[in-house]
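Peer 1: Please find structure18.cif (mmCIF, C-alpha atoms) on the next line:
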data_run
loop_
_atom_site.label_atom_id
_atom_site.label_comp_id
_atom_site.auth_asym_id
_atom_site.auth_seq_id
_atom_site.Cartn_x
_atom_site.Cartn_y
_atom_site.Cartn_z
CA MET A 1 0.00 0.00 0.00
CA SER A 2 2.70 2.43 1.03
CA GLU A 3 4.65 1.89 -2.21
CA ILE A 4 1.70 2.73 -4.42
CA ASN A 5 1.00 5.77 -2.32
CA THR A 6 4.60 6.92 -2.49
CA GLN A 7 4.73 6.75 -6.26
CA ARG A 8 1.41 8.46 -6.63
CA ARG A 9 2.51 11.05 -4.13
CA ASN A 10 5.78 11.63 -5.94
CA PHE A 11 3.98 12.09 -9.21
CA LEU A 12 1.57 14.56 -7.68
CA LYS A 13 4.40 16.32 -5.89
CA THR A 14 6.43 16.89 -9.03
CA SER A 15 3.50 17.99 -11.15
CA ILE A 16 2.09 20.28 -8.46
CA GLY A 17 5.57 21.62 -7.75
CA ALA A 18 6.13 22.45 -11.41
CA ALA A 19 2.71 24.08 -11.66
CA ALA A 20 3.33 26.11 -8.52
CA VAL A 21 6.66 27.41 -9.81
CA ALA A 22 5.14 28.23 -13.17
CA ILE A 23 1.98 30.02 -12.10
CA ALA A 24 2.09 31.09 -8.48
CA PRO A 25 5.37 32.19 -6.94
CA GLY A 26 3.35 33.96 -4.22
CA MET A 27 1.96 30.63 -3.06
CA MET A 28 5.46 29.30 -2.45
CA LEU A 29 6.15 32.07 0.04
CA PHE A 30 3.00 31.14 1.93
CA ASP A 31 4.15 27.52 2.06
CA ILE A 32 7.52 28.41 3.55
CA ALA A 33 5.92 30.34 6.38
CA HIS A 34 3.78 27.35 7.29
CA GLY A 35 6.28 24.50 6.84
CA LYS A 36 6.80 22.98 3.43
CA PRO A 37 4.11 20.57 2.26
CA GLU A 38 6.57 18.91 -0.14
CA GLY A 39 8.83 17.83 2.69
CA ALA A 40 12.55 17.77 3.38
CA SER A 41 14.88 17.79 0.39
CA SER A 42 17.83 15.43 0.02
CA LYS A 43 19.72 18.21 -1.73
CA VAL A 44 20.11 19.88 1.65
CA ARG A 45 22.43 18.69 4.41
CA TRP A 46 21.88 20.64 7.59
CA GLY A 47 24.94 21.03 9.75
CA MET A 48 26.64 23.12 12.37
CA LEU A 49 30.12 24.51 12.81
CA ILE A 50 31.04 25.24 16.40
CA ASP A 51 33.89 27.66 17.03
CA THR A 52 35.38 26.58 20.36
CA ALA A 53 37.40 29.80 20.56
CA GLN A 54 34.12 31.74 20.87
CA CYS A 55 32.50 29.28 23.29
CA LYS A 56 32.98 30.59 26.82
CA THR A 57 33.64 28.43 29.87
CA GLY A 58 30.74 28.70 32.30
CA CYS A 59 28.31 30.04 29.69
CA ASN A 60 25.21 27.86 29.49
CA GLU A 61 22.99 29.94 27.22
CA CYS A 62 22.60 27.29 24.50
CA VAL A 63 21.58 24.66 27.04
CA THR A 64 19.05 26.98 28.68
CA ALA A 65 17.58 27.98 25.32
CA CYS A 66 17.29 24.32 24.27
CA ASN A 67 15.56 23.41 27.53
CA LYS A 68 13.09 26.25 27.15
CA GLU A 69 12.38 25.58 23.48
CA ASN A 70 11.88 21.85 23.88
CA GLY A 71 10.34 21.81 27.35
CA LEU A 72 13.13 19.94 29.13
CA SER A 73 13.30 20.16 32.91
CA GLY A 74 16.90 21.34 32.95
CA GLY A 75 17.87 18.67 35.50
CA ILE A 76 21.14 16.81 35.02
CA ALA A 77 20.37 13.58 36.90
CA ALA A 78 20.86 10.29 35.04
CA THR A 79 17.11 10.09 34.43
CA ASP A 80 16.71 13.67 33.17
CA SER A 81 16.64 14.40 29.45
CA GLN A 82 19.58 16.40 28.17
CA TRP A 83 19.61 17.25 24.48
CA ILE A 84 22.66 19.49 24.66
CA ARG A 85 25.43 19.64 27.26
CA LYS A 86 28.34 21.93 27.90
CA ILE A 87 31.59 19.98 28.14
CA GLU A 88 34.86 21.22 29.62
CA ILE A 89 37.98 19.50 28.29
CA LYS A 90 41.60 19.92 29.26
CA ASP A 91 44.77 18.82 27.53
CA ILE A 92 46.82 17.44 30.40
CA SER A 93 50.25 17.95 28.87
CA SER A 94 49.77 21.58 27.85
CA GLY A 95 47.08 22.56 30.34
CA ARG A 96 44.94 24.11 27.58
CA GLU A 97 41.28 24.21 28.54
CA LEU A 98 38.28 24.30 26.27
CA SER A 99 34.53 24.51 26.63
CA LEU A 100 32.16 23.23 23.97
CA PRO A 101 28.55 22.21 23.46
CA MET A 102 27.88 18.54 22.75
CA MET A 103 24.67 17.19 21.25
CA CYS A 104 23.42 14.78 18.60
CA GLN A 105 25.98 15.04 15.80
CA HIS A 106 23.45 14.18 13.08
CA CYS A 107 25.68 11.60 11.42
CA GLU A 108 25.43 10.66 7.77
CA HIS A 109 25.71 7.02 8.84
CA PRO A 110 24.03 7.06 12.25
CA PRO A 111 24.62 3.96 14.43
CA CYS A 112 21.36 4.70 16.27
CA VAL A 113 19.47 4.15 13.02
CA ASP A 114 21.37 0.92 12.27
CA VAL A 115 20.43 -0.71 15.54
CA CYS A 116 16.81 0.42 15.88
CA PRO A 117 14.57 -2.68 15.72
CA THR A 118 11.42 -0.75 14.77
CA GLN A 119 12.91 1.86 12.42
CA ALA A 120 11.77 4.53 14.84
CA SER A 121 15.24 6.01 14.72
CA PHE A 122 15.70 7.45 11.25
CA LYS A 123 17.53 10.02 9.18
CA ARG A 124 15.43 12.55 7.33
CA ALA A 125 16.26 13.39 3.70
CA ASP A 126 17.96 16.61 4.77
CA GLY A 127 20.30 14.81 7.18
CA ILE A 128 18.49 15.39 10.48
CA VAL A 129 18.51 12.30 12.69
CA LEU A 130 15.22 11.90 14.57
CA VAL A 131 13.17 9.50 16.65
CA ASP A 132 9.69 8.70 15.37
CA LYS A 133 8.02 8.39 18.75
CA HIS A 134 4.97 6.80 17.21
CA ARG A 135 7.16 3.78 16.57
CA CYS A 136 9.68 3.93 19.42
CA ILE A 137 9.23 1.07 21.88
CA GLY A 138 11.74 2.46 24.36
CA CYS A 139 14.27 -0.37 24.06
CA ARG A 140 17.18 2.07 24.25
CA TYR A 141 19.50 0.23 21.86
CA CYS A 142 20.14 3.55 20.14
CA MET A 143 21.31 5.10 23.39
CA MET A 144 23.93 2.37 23.70
CA ALA A 145 24.94 2.59 20.06
CA CYS A 146 25.51 6.35 20.06
CA PRO A 147 29.23 7.15 20.54
CA TYR A 148 28.33 10.70 21.61
CA LYS A 149 25.91 9.75 24.41
CA ALA A 150 23.50 12.15 22.79
CA ARG A 151 20.23 10.41 23.54
CA SER A 152 17.99 10.41 26.58
CA PHE A 153 15.08 8.29 27.71
CA VAL A 154 11.93 9.79 29.17
CA HIS A 155 11.29 8.04 32.49
CA GLU A 156 8.34 9.97 33.87
CA PRO A 157 4.98 11.07 32.45
CA LEU A 158 5.15 14.58 31.03
CA HIS A 159 2.58 17.35 30.93
CA ASP A 160 2.26 20.71 29.26
CA GLN A 161 4.61 19.99 26.34
CA ASN A 162 5.40 22.54 23.67
CA PRO A 163 2.73 22.06 20.96
CA ASP A 164 5.59 22.02 18.41
CA VAL A 165 7.69 19.50 20.35
CA PRO A 166 5.75 16.39 21.40
CA ARG A 167 7.60 14.35 24.06
CA GLY A 168 6.40 11.46 26.14
CA LYS A 169 7.22 8.78 28.65
CA GLY A 170 8.69 5.53 27.35
CA THR A 171 10.41 6.95 24.29
CA VAL A 172 13.98 7.92 23.47
CA GLU A 173 14.71 11.47 22.37
CA SER A 174 17.60 13.69 21.43
CA CYS A 175 18.48 16.96 19.73
CA THR A 176 16.17 17.38 16.73
CA LEU A 177 18.22 20.29 15.39
CA CYS A 178 14.98 22.15 16.24
CA VAL A 179 13.37 20.55 13.20
CA HIS A 180 10.11 22.43 13.84
CA ARG A 181 11.98 25.72 13.51
CA ILE A 182 14.04 24.64 10.49
CA ASP A 183 10.86 23.69 8.64
CA GLN A 184 9.65 27.25 9.19
CA GLY A 185 12.94 28.63 7.89
CA ARG A 186 14.23 29.58 11.32
CA GLN A 187 17.48 28.73 13.13
CA PRO A 188 17.78 26.22 15.99
CA ALA A 189 17.25 27.71 19.47
CA CYS A 190 20.87 27.14 20.61
CA VAL A 191 22.24 28.97 17.57
CA GLU A 192 19.99 31.96 18.15
CA SER A 193 20.79 32.14 21.85
CA CYS A 194 24.60 32.02 21.70
CA PRO A 195 25.86 35.44 22.81
CA ASN A 196 29.20 34.95 20.98
CA LYS A 197 27.77 33.45 17.79
CA ALA A 198 29.92 30.39 18.37
CA ILE A 199 27.49 28.11 16.54
CA LEU A 200 27.09 28.51 12.80
CA PHE A 201 24.12 26.70 11.30
CA GLY A 202 23.41 26.09 7.64
CA ASP A 203 23.32 23.89 4.57
CA LEU A 204 26.62 22.05 4.09
CA ASN A 205 25.62 21.07 0.56
CA ASP A 206 25.09 24.63 -0.64
CA ALA A 207 28.56 25.72 -1.78
CA ASN A 208 27.70 29.40 -1.27
CA SER A 209 26.28 29.13 2.24
CA GLU A 210 28.25 30.73 5.06
CA ILE A 211 28.86 27.40 6.75
CA ALA A 212 30.07 25.64 3.57
CA VAL A 213 32.49 28.47 2.84
CA LYS A 214 33.85 28.38 6.37
CA VAL A 215 34.19 24.60 6.42
CA ARG A 216 36.13 24.88 3.17
CA THR A 217 38.49 27.59 4.37
CA VAL A 218 39.00 27.03 8.09
CA ALA A 219 40.40 23.93 9.81
CA SER A 220 37.64 22.01 11.60
CA ILE A 221 37.20 18.45 12.77
CA GLN A 222 34.43 15.97 13.39
CA ILE A 223 34.53 14.31 16.79
CA ARG A 224 35.41 10.61 16.60
CA ALA A 225 36.06 10.99 12.87
CA ASP A 226 37.77 7.58 13.11
CA LEU A 227 34.32 5.98 13.23
CA HIS A 228 33.56 7.29 9.70
CA LEU A 229 30.05 8.35 10.66
CA ASN A 230 30.46 11.73 8.94
CA PRO A 231 28.67 13.88 11.55
CA GLY A 232 26.92 17.05 10.40
CA VAL A 233 28.28 18.91 13.43
CA ARG A 234 31.89 20.09 13.13
CA TYR A 235 34.19 21.72 15.68
CA GLN A 236 36.77 24.37 15.11
CA GLY A 237 39.84 24.90 17.29
CA ILE A 238 40.02 21.60 19.19
CA MET B 1 -47.23 -13.26 18.53
CA MET B 2 -48.57 -9.71 18.55
CA LYS B 3 -47.39 -9.32 22.11
CA ILE B 4 -43.85 -10.31 21.21
CA LEU B 5 -43.81 -7.98 18.24
CA LEU B 6 -45.10 -5.13 20.34
CA SER B 7 -42.57 -5.68 23.06
CA ILE B 8 -39.74 -5.82 20.50
CA LEU B 9 -40.92 -2.56 18.94
CA LEU B 10 -41.28 -0.93 22.31
CA PHE B 11 -37.81 -2.09 23.33
CA ALA B 12 -36.28 -0.84 20.11
CA PHE B 13 -37.90 2.58 20.47
CA THR B 14 -36.99 3.07 24.09
CA GLY B 15 -33.47 1.89 23.30
CA ALA B 16 -33.10 4.41 20.50
CA TRP B 17 -34.55 7.16 22.62
CA ALA B 18 -32.23 6.35 25.53
CA ALA B 19 -29.18 6.27 23.26
CA ASP B 20 -30.11 9.61 21.74
CA SER B 21 -30.37 11.34 25.08
CA SER B 22 -26.93 10.14 26.16
CA VAL B 23 -25.07 11.34 23.07
CA PRO B 24 -22.18 13.40 24.43
CA LYS B 25 -22.58 17.15 24.39
CA LEU B 26 -19.22 18.53 23.38
CA ASP B 27 -17.51 21.83 23.85
CA ILE B 28 -16.46 22.27 20.21
CA GLY B 29 -14.50 25.47 20.79
CA LYS B 30 -14.63 27.85 17.84
CA GLY B 31 -15.75 24.95 15.66
CA GLY B 32 -16.43 25.42 11.97
CA GLN B 33 -15.56 23.23 9.01
CA CYS B 34 -12.21 23.35 7.24
CA VAL B 35 -11.50 19.76 6.10
CA GLU B 36 -14.70 17.72 5.60
CA ASP B 37 -18.22 17.70 6.99
CA THR B 38 -18.90 16.67 10.57
CA GLN B 39 -20.11 13.14 9.90
CA TRP B 40 -17.15 12.37 7.63
CA MET B 41 -14.74 13.72 10.22
CA ARG B 42 -16.34 11.68 13.01
CA LYS B 43 -15.72 8.55 11.00
CA ASN B 44 -12.35 9.30 9.41
CA HIS B 45 -10.36 11.84 11.44
CA MET B 46 -8.04 9.13 12.76
CA HIS B 47 -6.95 8.13 9.26
CA LEU B 48 -6.14 11.71 8.36
CA LEU B 49 -4.17 12.24 11.54
CA LYS B 50 -2.23 9.01 11.14
CA HIS B 51 -1.35 9.75 7.53
CA GLN B 52 -0.35 13.29 8.34
CA ARG B 53 1.82 12.32 11.31
CA ASP B 54 3.94 9.93 9.22
CA GLU B 55 4.33 12.43 6.41
CA ALA B 56 5.26 15.20 8.85
CA VAL B 57 7.63 13.25 11.09
CA ARG B 58 9.42 11.09 8.58
CA LYS B 59 9.40 13.23 5.44
CA GLY B 60 9.01 16.69 6.91
CA ALA B 61 5.98 17.25 4.68
CA ARG B 62 3.86 19.35 6.97
CA ASP B 63 0.30 19.72 5.75
CA GLU B 64 -0.79 22.39 8.18
CA LYS B 65 -4.48 21.98 7.39
CA ILE B 66 -4.79 18.41 8.66
CA SER B 67 -2.22 18.63 11.45
CA LEU B 68 -3.25 17.85 15.01
CA LYS B 69 -2.04 21.29 16.04
CA ASN B 70 -4.40 22.93 13.58
CA CYS B 71 -7.35 20.82 14.78
CA ILE B 72 -6.64 21.93 18.32
CA GLU B 73 -6.36 25.55 17.25
CA CYS B 74 -10.08 25.66 16.40
CA HIS B 75 -11.52 22.93 18.57
CA ALA B 76 -9.89 23.73 21.90
CA SER B 77 -12.43 25.10 24.35
CA THR B 78 -12.78 28.84 24.41
CA VAL B 79 -12.95 28.57 28.20
CA ASP B 80 -9.80 26.60 29.04
CA ASP B 81 -7.99 26.42 25.64
CA SER B 82 -7.85 22.64 25.77
CA VAL B 83 -9.30 19.63 23.91
CA ILE B 84 -8.71 17.28 26.85
CA ALA B 85 -9.09 19.18 30.11
CA ARG B 86 -12.71 18.30 30.95
CA GLU B 87 -15.23 15.46 30.56
CA ASP B 88 -16.95 17.34 27.73
CA SER B 89 -13.79 18.58 26.02
CA PHE B 90 -13.76 18.08 22.25
CA CYS B 91 -11.62 14.92 22.09
CA VAL B 92 -12.34 13.44 25.51
CA GLY B 93 -16.15 13.68 25.29
CA CYS B 94 -16.51 11.32 22.31
CA HIS B 95 -13.64 9.03 23.16
CA ARG B 96 -15.10 8.39 26.63
CA TYR B 97 -18.50 7.72 25.10
CA GLU B 98 -17.08 5.29 22.53
CA ALA B 99 -14.61 3.79 25.03
CA VAL B 100 -11.67 4.35 22.67
CA LYS B 101 -8.38 5.03 24.37
CA LEU B 102 -6.95 8.40 23.45
CA ASP B 103 -3.16 8.31 23.69
CA CYS B 104 -2.19 11.20 21.39
CA PHE B 105 -1.96 13.49 24.38
CA GLU B 106 0.55 11.46 26.33
CA CYS B 107 3.09 13.20 24.09
CA HIS B 108 1.19 15.92 22.25
CA SER B 109 -0.04 19.06 23.89
CA GLY B 110 -3.82 19.38 24.09
CA THR B 111 -3.59 23.14 24.51
CA ARG B 112 -4.06 25.78 21.85
CA LYS B 113 -0.61 27.00 20.86
CA SER B 114 -1.28 30.71 21.28
CA ALA B 115 -2.55 30.07 24.82
CA TRP B 116 0.40 27.80 25.60
CA LEU B 117 2.87 30.44 24.44
CA GLN B 118 1.18 33.07 26.61
CA GLN B 119 1.40 30.77 29.64
CA ARG B 120 5.07 30.02 29.02
CA ASN B 121 6.02 33.64 28.53
CA ALA B 122 4.16 34.61 31.70
CA LYS B 123 6.32 32.21 33.74
#
Could you show the structure in this file as structure tokens?

Peer 2:
Amino acid sequence: MSEINTQRRNFLKTSIGAAAVAIAPGMMLFDIAHGKPEGASSKVRWGMLIDTAQCKTGCNECVTACNKENGLSGGIAATDSQWIRKIEIKDISSGRELSLPMMCQHCEHPPCVDVCPTQASFKRADGIVLVDKHRCIGCRYCMMACPYKARSFVHEPLHDQNPDVPRGKGTVESCTLCVHRIDQGRQPACVESCPNKAILFGDLNDANSEIAVKVRTVASIQIRADLHLNPGVRYQGI
Amino acid sequence: MMKILLSILLFAFTGAWAADSSVPKLDIGKGGQCVEDTQWMRKNHMHLLKHQRDEAVRKGARDEKISLKNCIECHASTVDDSVIAREDSFCVGCHRYEAVKLDCFECHSGTRKSAWLQQRNAK
């Protein structure tokens, strides 16, 4: 059933898309403001570049903004959800200290997706790794598979969630790259909140985007690049 | 024979009358029709919501018109801005009556977004 629907849908999508471009450019603007009905494009690869030189030790703005946006409690107990954390690292031999935010790295080859028995964990066409909570059975394999410890499990019933960010007991969750904001053409909450503009967000596939230019010209690394997961989040100055 | 027939008829009528009087009276909020007529929606809203949720979550294709959030926007009570807060709230009223478990709102908010935002910003 789903295959027939997909093909039919694709056909309709392309023909409607072509018609929309041809006759009604004004309509397209309306669509962007309300989230795109044609869905995420595989031509886009959302990513972040984090400049550790701009990230200040003790500053927690990105974490606070994430908690507020997504309705997290802000607790840091083992059973509390944390979508983004501030990490302090120190090179023992030189004594150099760094502070950086750590969250889901939105890998191109995500181990969490590989291990998920129900295909709840998935990668969207535009590279965002998400949990489909309608399918998640709460087995937590993905939490064990993730080398970045990016995922959390919801242990307690929740109330009063953000209407844009459904969350519930018995499912695994992690940074969604603020997918609800991206689909409206906005930036993720952590990016907006950073007082030093340490986080640069954009489309890695668009050669002219600010992030693509910077990735091309400035030295940056992916954390645990040895795992060949090709994360969408890159760090500068580690 | 006549007696039996009469009693069956009587039973049927009283049954229908009783059922009619206990049909849930809902707080439909602002109400109005934007997708299909009432009877069609009563029968099929779950299929629309299920289709839309998969398209939105997995493909990012957000059809605002048939999204749960948009349903709530109009159908949340004008008194408490919710579709689940009371016995006669829009979703709860029917689901209680039909004894169908309603688990959307274990994760999703049952509150109108504008009202929710106001509450959050007031905190």

Peer 1: Near chain B, meaning an atom within 6 Å, which residues of chain A appear when counting only C-alpha atoms? Write them as number ranges by chain.

Peer 2: A: 35-40, 161, 163, 166-168

Peer 1: Find the distance between atom CA of A:Ala77 and atom CA of A:His180 and write it in Å to one decimal.

Peer 2: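 Distance between the two atoms: 26.7 Å.
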
Peer 1: For this structure, which residues satisfy the selection - the PyMOL selection byres ((chain B and resi 86-102) around 8) - when it is evaluated on the file as given? I want them as a PyMOL selection string.

Peer 2: chain B and resi 23-29+75-77+82-85+103-105

Peer 1: What is the distance between atom CA of A:Arg181 and atom CA of A:Asp114, in Å to one decimal?

Peer 2: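 About the pair atom CA of A:Arg181 and atom CA of A:Asp114: they are 26.5 Å apart.
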
Peer 1: If the PyMOL selection byres ((chain A and resi 129) around 10) were run on this exact file, what residues would it hold? Put them as a list in words.

Peer 2: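 Expected selection for the PyMOL selection byres ((chain A and resi 129) around 10) here is Cys104, Gln105, His106, Cys107, Glu108, His109, Pro110, Cys112, Val113, Ser121, Phe122, Lys123, Arg124, Ala125, Asp126, Gly127, Ile128, Leu130, Val131, Asp132, Ser174, Cys175, Thr176, Leu177, Val179 and Gly232 of chain A.
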
Peer 1: What would the file look like if the residues just selected were written as a CSV table (one decimal), in the coordinates of the input with C-alpha atoms?

Peer 2:
chain,number,residue,atom,x,y,z
A,104,CYS,CA,23.4,14.8,18.6
A,105,GLN,CA,26.0,15.0,15.8
A,106,HIS,CA,23.4,14.2,13.1
A,107,CYS,CA,25.7,11.6,11.4
A,108,GLU,CA,25.4,10.7,7.8
A,109,HIS,CA,25.7,7.0,8.8
A,110,PRO,CA,24.0,7.1,12.2
A,112,CYS,CA,21.4,4.7,16.3
A,113,VAL,CA,19.5,4.2,13.0
A,121,SER,CA,15.2,6.0,14.7
A,122,PHE,CA,15.7,7.4,11.2
A,123,LYS,CA,17.5,10.0,9.2
A,124,ARG,CA,15.4,12.6,7.3
A,125,ALA,CA,16.3,13.4,3.7
A,126,ASP,CA,18.0,16.6,4.8
A,127,GLY,CA,20.3,14.8,7.2
A,128,ILE,CA,18.5,15.4,10.5
A,130,LEU,CA,15.2,11.9,14.6
A,131,VAL,CA,13.2,9.5,16.6
A,132,ASP,CA,9.7,8.7,15.4
A,174,SER,CA,17.6,13.7,21.4
A,175,CYS,CA,18.5,17.0,19.7
A,176,THR,CA,16.2,17.4,16.7
A,177,LEU,CA,18.2,20.3,15.4
A,179,VAL,CA,13.4,20.6,13.2
A,232,GLY,CA,26.9,17.0,10.4

Peer 1: In Å, with one decimal, what is the gap from atom CA of A:Cys66 to atom CA of A:Val165?

Peer 2: 11.4 Å

Peer 1: When you count all atoms listed in the file, which of these residues is closest to A:His134: B:His51, B:Glu36, B:Asn70, B:Gly31?

Peer 2: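 Closest to A:His134, using all atoms listed in the file: B:His51.
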
Peer 1: Hey, what's within 12 Å of A:Arg216 if we count only C-alpha atoms and toss same-chain stuff fewer than 2 positions away? As a list in words, please?

Peer 2: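 Neighbouring residues, sequence-local ones excluded: Leu49, Leu204, Asn205, Asp206, Ala207, Asn208, Ser209, Glu210, Ile211, Ala212, Val213, Lys214, Val218, Ala219, Ser220, Ile221, Arg234 and Gln236 of chain A.
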
Peer 1: Go through A:Gln222, A:Cys142, A:Gly71, A:Phe201 one by one, measure the shortest atom-to-atom distance of each to A:Gly185 using only C-alpha atoms, and give the residue with the smallest value.

Peer 2: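 The answer is A:Phe201, which sits nearest to A:Gly185.
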
Peer 1: Could you state which residues are captured by the PyMOL selection byres ((chain A and resi 118) around 8) in this file, as a list in words?

Peer 2: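 On this input, the PyMOL selection byres ((chain A and resi 118) around 8) captures Cys116, Pro117, Gln119, Ala120, Ser121, Arg135, Cys136 and Ile137 of chain A.
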
Peer 1: Any chance you could turn stretch 168-195 of chain A into a file with C-alpha atoms, as a PDB file, in the first residue's frame?

Peer 2:
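Saved to decode17.pdb:
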ATOM      1  CA  GLY A 168       6.403  11.463  26.139  1.00  0.00           C
ATOM      2  CA  LYS A 169       7.224   8.779  28.652  1.00  0.00           C
ATOM      3  CA  GLY A 170       8.695   5.527  27.353  1.00  0.00           C
ATOM      4  CA  THR A 171      10.413   6.946  24.291  1.00  0.00           C
ATOM      5  CA  VAL A 172      13.980   7.925  23.469  1.00  0.00           C
ATOM      6  CA  GLU A 173      14.711  11.475  22.374  1.00  0.00           C
ATOM      7  CA  SER A 174      17.601  13.692  21.425  1.00  0.00           C
ATOM      8  CA  CYS A 175      18.479  16.965  19.727  1.00  0.00           C
ATOM      9  CA  THR A 176      16.167  17.382  16.726  1.00  0.00           C
ATOM     10  CA  LEU A 177      18.221  20.292  15.391  1.00  0.00           C
ATOM     11  CA  CYS A 178      14.978  22.153  16.235  1.00  0.00           C
ATOM     12  CA  VAL A 179      13.370  20.553  13.199  1.00  0.00           C
ATOM     13  CA  HIS A 180      10.109  22.428  13.837  1.00  0.00           C
ATOM     14  CA  ARG A 181      11.984  25.717  13.513  1.00  0.00           C
ATOM     15  CA  ILE A 182      14.036  24.638  10.491  1.00  0.00           C
ATOM     16  CA  ASP A 183      10.858  23.688   8.644  1.00  0.00           C
ATOM     17  CA  GLN A 184       9.650  27.252   9.195  1.00  0.00           C
ATOM     18  CA  GLY A 185      12.940  28.634   7.890  1.00  0.00           C
ATOM     19  CA  ARG A 186      14.233  29.580  11.322  1.00  0.00           C
ATOM     20  CA  GLN A 187      17.484  28.730  13.129  1.00  0.00           C
ATOM     21  CA  PRO A 188      17.783  26.222  15.989  1.00  0.00           C
ATOM     22  CA  ALA A 189      17.249  27.709  19.466  1.00  0.00           C
ATOM     23  CA  CYS A 190      20.867  27.143  20.615  1.00  0.00           C
ATOM     24  CA  VAL A 191      22.242  28.972  17.572  1.00  0.00           C
ATOM     25  CA  GLU A 192      19.990  31.965  18.154  1.00  0.00           C
ATOM     26  CA  SER A 193      20.787  32.142  21.847  1.00  0.00           C
ATOM     27  CA  CYS A 194      24.596  32.020  21.695  1.00  0.00           C
ATOM     28  CA  PRO A 195      25.861  35.442  22.807  1.00  0.00           C
TER      29      PRO A 195
END
